[in-house]
Amino acid sequence: MPLKTSRRGAIPPFIVMDVLRAANERQAAGQGVYHLEVGQPGTGAPSVVVEEIRNAVGRGRMGYTDAMGVPPLRKRIARHYLDTYGVHVDPERVAVTTGSSGAFLLAFLSAFDVGDRVAVATPGYPAYRNILTALGVEVVEVLTFQEDGFRLTPELLKDAPGPLDGLVLASPANPTGTVVTRNELAALATYCSHAGIRLISDEIYHGITYGQNAHSALELTGEALVINSFSKYYSMTGWRLGWIVLPPELVRPVECLAQNFFISPPTLSQVAAVRVFEATDELNAHVARYARNRSRILETLPRVGILGWGPADGAFYILADVRNLTDDSEAFCRRMLAESGVAATPGTDFDPGRGSGYLRISFAGSEEEVGGAMEALEAWLGGES
């Protein structure tokens, strides 16, 4: 008799990782690849972090820390909110996590029960849907639209079928690059509060914007769970470190969950991350590079017949509308990789219903890689546009 397996694992794959595997296989075979598929900075950790790691390793043993993180890092994160947003945060409300992925798991487990209904904007980061589904939470997809800059509004939430227990909001958003204004964020926070909807604000791309700063939900409400990460702006992707700022009533529940699920976040990463807030000049230079890459791509897309895309006002992605070129973005991306060496992610990863006409391009890499990719795209698509 076959042994039982859980339905929790019967969730869709994260397609970008499948694309990365195919790109790496091509590279291993000696063929060139332009990596525009994965959303990670093309740079390593800032120099002050590397210096701190060397010093910390020399000091010897690295044991477990408190489940919520080392006090110096929790205090420094709290100070970041005062320095950046003018908001006082009690360090006791800060939970350091094993990446933002660990933060989402802890947030969803502490805020929602099996059968609760949580809204997510579509297109959006697929792991929201997949983690919630694995936890037995019903996902309510709220469609946003290109002509409106893929903006989520209270009106769209009102039109969602049935009552909602939660909302996951991302600004800047992956894959669209949409940045919510302060007034728009205030309207959403107010609506959620009045409707009894728990707001989870994904702010992992804060610091990476082009033309307007992103606002934190903490400026407007103390009821939200606010998630951030050291992976994106801080360029510490592989260090697997993130954080949540929690409303007071969820501090102890998250601590108990973290103790049992993770013991503690990575110790060495925590020790080093305290100093990353000193590296603003170096990190802002990365953002300036992303801006140049963004401009290069937006100049190239019309020349190859791609005439529409998301706002790309933040993060380091462009959600490109390729409906005039294909109705099967997964096949299109496979062909593009095979024939031009450019790896990008099909839109079906982010919008299962409409993503067959979109693809996501990451511009987080070097200017040389992005420039080479655009030349390759022009050679490949230029004659077809």
# chains A, B, ... in the order shown; residues from 1 in each chain; ligands from 1

call {"tool": "residues_around", "arguments": {"residues": "region 270-273 of chain A", "least_positions_apart": "3", "cutoff": "12 Å", "atoms": "only C-alpha atoms", "output": "PyMOL selection string"}}
result
chain A and resi 45-57+59+62-77+95-99+229-231+234-237+239-243+264-267+276-279

call {"tool": "select_by_dssp", "arguments": {"residues": "region 199-302 of chain A", "states": "strand (DSSP E or B)", "output": "ChimeraX atom specification"}}
result
/A:199-202,209,225-229,242-245

call {"tool": "write_last_selection", "arguments": {"atoms": "N, CA and C atoms", "output": "CSV table (one decimal), in the first residue's frame"}}
result
chain,number,residue,atom,x,y,z
A,199,LEU,N,-3.2,43.5,7.9
A,199,LEU,CA,-2.3,43.9,6.8
A,199,LEU,C,-0.9,43.4,7.1
A,200,ILE,N,-0.4,42.7,6.1
A,200,ILE,CA,1.0,42.3,6.1
A,200,ILE,C,1.7,43.1,4.9
A,201,SER,N,2.6,44.0,5.3
A,201,SER,CA,3.3,44.9,4.4
A,201,SER,C,4.7,44.4,4.0
A,202,ASP,N,4.9,43.9,2.8
A,202,ASP,CA,6.1,43.5,2.3
A,202,ASP,C,6.9,44.7,1.8
A,209,THR,N,14.2,52.6,-5.3
A,209,THR,CA,13.2,53.3,-6.0
A,209,THR,C,13.8,54.3,-7.0
A,225,LEU,N,1.8,43.9,10.2
A,225,LEU,CA,3.1,43.2,10.3
A,225,LEU,C,3.9,43.7,9.1
A,226,VAL,N,5.1,44.2,9.4
A,226,VAL,CA,6.0,44.8,8.4
A,226,VAL,C,7.2,43.9,8.2
A,227,ILE,N,7.4,43.5,7.0
A,227,ILE,CA,8.5,42.6,6.7
A,227,ILE,C,9.5,43.2,5.8
A,228,ASN,N,10.8,43.0,6.1
A,228,ASN,CA,11.9,43.5,5.3
A,228,ASN,C,13.0,42.4,5.3
A,229,SER,N,14.0,42.7,4.5
A,229,SER,CA,15.1,41.7,4.3
A,229,SER,C,16.4,42.4,4.1
A,242,GLY,N,16.3,38.3,7.5
A,242,GLY,CA,15.3,39.3,7.3
A,242,GLY,C,14.7,39.7,8.7
A,243,TRP,N,13.6,40.4,8.7
A,243,TRP,CA,13.0,40.8,9.9
A,243,TRP,C,11.5,41.1,9.8
A,244,ILE,N,10.8,41.1,10.9
A,244,ILE,CA,9.4,41.5,11.0
A,244,ILE,C,9.3,42.5,12.1
A,245,VAL,N,8.6,43.6,11.9
A,245,VAL,CA,8.1,44.5,13.0
A,245,VAL,C,6.7,44.1,13.3

call {"tool": "residues_around", "arguments": {"residues": "Glu223 (chain A)", "least_positions_apart": "5", "cutoff": "8 Å", "atoms": "only C-alpha atoms", "output": "number ranges by chain"}}
result
A: 193, 198-199, 246-247

call {"tool": "write_last_selection", "arguments": {"atoms": "C-alpha atoms", "output": "mmCIF file, in the first residue's frame"}}
result
data_model
loop_
_atom_site.group_PDB
_atom_site.id
_atom_site.type_symbol
_atom_site.label_atom_id
_atom_site.label_comp_id
_atom_site.auth_asym_id
_atom_site.auth_seq_id
_atom_site.Cartn_x
_atom_site.Cartn_y
_atom_site.Cartn_z
ATOM 1 C CA SER A 193 -8.458 48.458 9.965
ATOM 2 C CA ARG A 198 -4.803 42.020 9.042
ATOM 3 C CA LEU A 199 -2.333 43.889 6.837
ATOM 4 C CA LEU A 246 5.176 43.056 14.873
ATOM 5 C CA PRO A 247 2.109 44.490 16.558
#

call {"tool": "residues_around", "arguments": {"residues": "Ile131 (chain A)", "least_positions_apart": "4", "cutoff": "12 Å", "atoms": "only C-alpha atoms", "output": "ChimeraX atom specification"}}
result
/A:8-14,101-109,118,120,125-127,135-139

call {"tool": "closest_residue", "arguments": {"among": "A:Phe261, A:Phe332, A:Tyr128, A:Tyr34", "to": "Leu381 (chain A)", "atoms": "only C-alpha atoms"}}
result
A:Phe332

call {"tool": "closest_residue", "arguments": {"among": "A:Ala187, A:Ala338, A:Val370, A:Val87", "to": "Ser216 (chain A)", "atoms": "only C-alpha atoms"}}
result
A:Val87

call {"tool": "closest_atom_pairs", "arguments": {"of": "region 245-338 of chain A", "to": "region 169-184 of chain A", "cutoff": "9 Å", "atoms": "only C-alpha atoms", "output": "Markdown table"}}
result
| residue | atom | partner | partner_atom | distance |
| --- | --- | --- | --- | --- |
| A:Trp309 | CA | A:Thr176 | CA | 8.0 |
| A:Gly310 | CA | A:Thr176 | CA | 5.0 |
| A:Pro311 | CA | A:Thr178 | CA | 5.7 |
| A:Ala312 | CA | A:Gly177 | CA | 3.9 |
| A:Asp313 | CA | A:Gly177 | CA | 5.2 |
| A:Gly314 | CA | A:Gly177 | CA | 4.7 |
| A:Ala315 | CA | A:Gly177 | CA | 5.5 |
| A:Phe316 | CA | A:Gly177 | CA | 7.1 |
| A:Tyr317 | CA | A:Pro175 | CA | 5.9 |
| A:Ile318 | CA | A:Thr176 | CA | 6.2 |
| A:Leu319 | CA | A:Thr176 | CA | 5.3 |
| A:Ala320 | CA | A:Thr176 | CA | 8.8 |

call {"tool": "write_last_selection", "arguments": {"atoms": "N, CA and C atoms", "output": "PDB file, in the first residue's frame"}}
result
ATOM      1  N   TRP A 309       4.721  47.752 -20.407  1.00  0.00           N
ATOM      2  CA  TRP A 309       5.335  47.157 -19.233  1.00  0.00           C
ATOM      3  C   TRP A 309       4.756  47.795 -17.974  1.00  0.00           C
ATOM      4  N   GLY A 310       5.048  47.179 -16.839  1.00  0.00           N
ATOM      5  CA  GLY A 310       4.642  47.744 -15.561  1.00  0.00           C
ATOM      6  C   GLY A 310       5.407  49.016 -15.258  1.00  0.00           C
ATOM      7  N   PRO A 311       5.008  49.729 -14.195  1.00  0.00           N
ATOM      8  CA  PRO A 311       5.616  51.047 -13.936  1.00  0.00           C
ATOM      9  C   PRO A 311       7.105  51.004 -13.623  1.00  0.00           C
ATOM     10  N   ALA A 312       7.595  49.919 -13.020  1.00  0.00           N
ATOM     11  CA  ALA A 312       9.024  49.784 -12.709  1.00  0.00           C
ATOM     12  C   ALA A 312       9.562  50.987 -11.947  1.00  0.00           C
ATOM     13  N   ASP A 313       8.765  51.512 -11.005  1.00  0.00           N
ATOM     14  CA  ASP A 313       9.195  52.665 -10.210  1.00  0.00           C
ATOM     15  C   ASP A 313      10.018  52.267  -8.999  1.00  0.00           C
ATOM     16  N   GLY A 314      10.094  50.975  -8.730  1.00  0.00           N
ATOM     17  CA  GLY A 314      10.882  50.477  -7.611  1.00  0.00           C
ATOM     18  C   GLY A 314      11.245  49.027  -7.840  1.00  0.00           C
ATOM     19  N   ALA A 315      12.056  48.477  -6.924  1.00  0.00           N
ATOM     20  CA  ALA A 315      12.624  47.127  -7.074  1.00  0.00           C
ATOM     21  C   ALA A 315      13.541  47.118  -8.298  1.00  0.00           C
ATOM     22  N   PHE A 316      13.857  45.928  -8.824  1.00  0.00           N
ATOM     23  CA  PHE A 316      14.724  45.885 -10.007  1.00  0.00           C
ATOM     24  C   PHE A 316      14.187  44.916 -11.053  1.00  0.00           C
ATOM     25  N   TYR A 317      12.890  45.145 -11.376  1.00  0.00           N
ATOM     26  CA  TYR A 317      12.222  44.303 -12.367  1.00  0.00           C
ATOM     27  C   TYR A 317      11.417  45.152 -13.339  1.00  0.00           C
ATOM     28  N   ILE A 318      11.260  44.593 -14.536  1.00  0.00           N
ATOM     29  CA  ILE A 318      10.310  45.109 -15.506  1.00  0.00           C
ATOM     30  C   ILE A 318       9.396  43.954 -15.902  1.00  0.00           C
ATOM     31  N   LEU A 319       8.098  44.143 -15.720  1.00  0.00           N
ATOM     32  CA  LEU A 319       7.127  43.166 -16.198  1.00  0.00           C
ATOM     33  C   LEU A 319       6.727  43.585 -17.598  1.00  0.00           C
ATOM     34  N   ALA A 320       7.271  42.889 -18.594  1.00  0.00           N
ATOM     35  CA  ALA A 320       7.121  43.291 -19.986  1.00  0.00           C
ATOM     36  C   ALA A 320       5.920  42.596 -20.614  1.00  0.00           C
TER      37      ALA A 320
END

call {"tool": "select_by_dssp", "arguments": {"residues": "region 75-257 of chain A", "states": "alpha helix (DSSP H)", "output": "PyMOL selection string"}}
result
chain A and resi 75-85+99-111+126-134+154-158+182-195+251-257

call {"tool": "residues_around", "arguments": {"residues": "Ala217 (chain A)", "least_positions_apart": "4", "cutoff": "8 Å", "atoms": "only C-alpha atoms", "output": "JSON, numbers by chain"}}
result
{"A": [185, 186, 189, 201, 221, 224, 226]}

call {"tool": "closest_residue", "arguments": {"among": "A:Phe363, A:Gly353, A:Gly347, A:Gly196", "to": "Arg292 (chain A)", "atoms": "only C-alpha atoms"}}
result
A:Phe363

call {"tool": "residues_around", "arguments": {"residues": "Gly42 (chain A)", "least_positions_apart": "6", "cutoff": "7 Å", "atoms": "only C-alpha atoms", "output": "PyMOL selection string"}}
result
chain A and resi 364-366

call {"tool": "write_last_selection", "arguments": {"atoms": "N, CA and C atoms", "output": "PDB file, in the first residue's frame"}}
result
ATOM      1  N   ALA A 364      19.047  43.600 -11.933  1.00  0.00           N
ATOM      2  CA  ALA A 364      19.864  43.722 -10.723  1.00  0.00           C
ATOM      3  C   ALA A 364      21.340  43.421 -10.960  1.00  0.00           C
ATOM      4  N   GLY A 365      21.685  42.945 -12.152  1.00  0.00           N
ATOM      5  CA  GLY A 365      23.062  42.550 -12.425  1.00  0.00           C
ATOM      6  C   GLY A 365      23.951  43.718 -12.813  1.00  0.00           C
ATOM      7  N   SER A 366      25.084  43.382 -13.371  1.00  0.00           N
ATOM      8  CA  SER A 366      26.045  44.399 -13.774  1.00  0.00           C
ATOM      9  C   SER A 366      25.577  45.108 -15.040  1.00  0.00           C
TER      10      SER A 366
END

call {"tool": "residues_around", "arguments": {"residues": "Thr300 (chain A)", "least_positions_apart": "3", "cutoff": "8 Å", "atoms": "only C-alpha atoms", "output": "JSON, numbers by chain"}}
result
{"A": [296, 297, 303, 304, 374, 378]}

call {"tool": "write_last_selection", "arguments": {"atoms": "C-alpha atoms", "output": "compact mmCIF listing (two decimals), in the first residue's frame"}}
result
# COMPACT_ATOMS: atom_id res chain seq x y z
CA ARG A 296 18.97 50.80 -20.89
CA ILE A 297 16.22 48.17 -20.92
CA ARG A 303 13.11 48.72 -30.55
CA VAL A 304 12.42 44.97 -30.31
CA MET A 374 19.98 44.01 -24.65
CA GLU A 378 18.06 43.28 -30.43
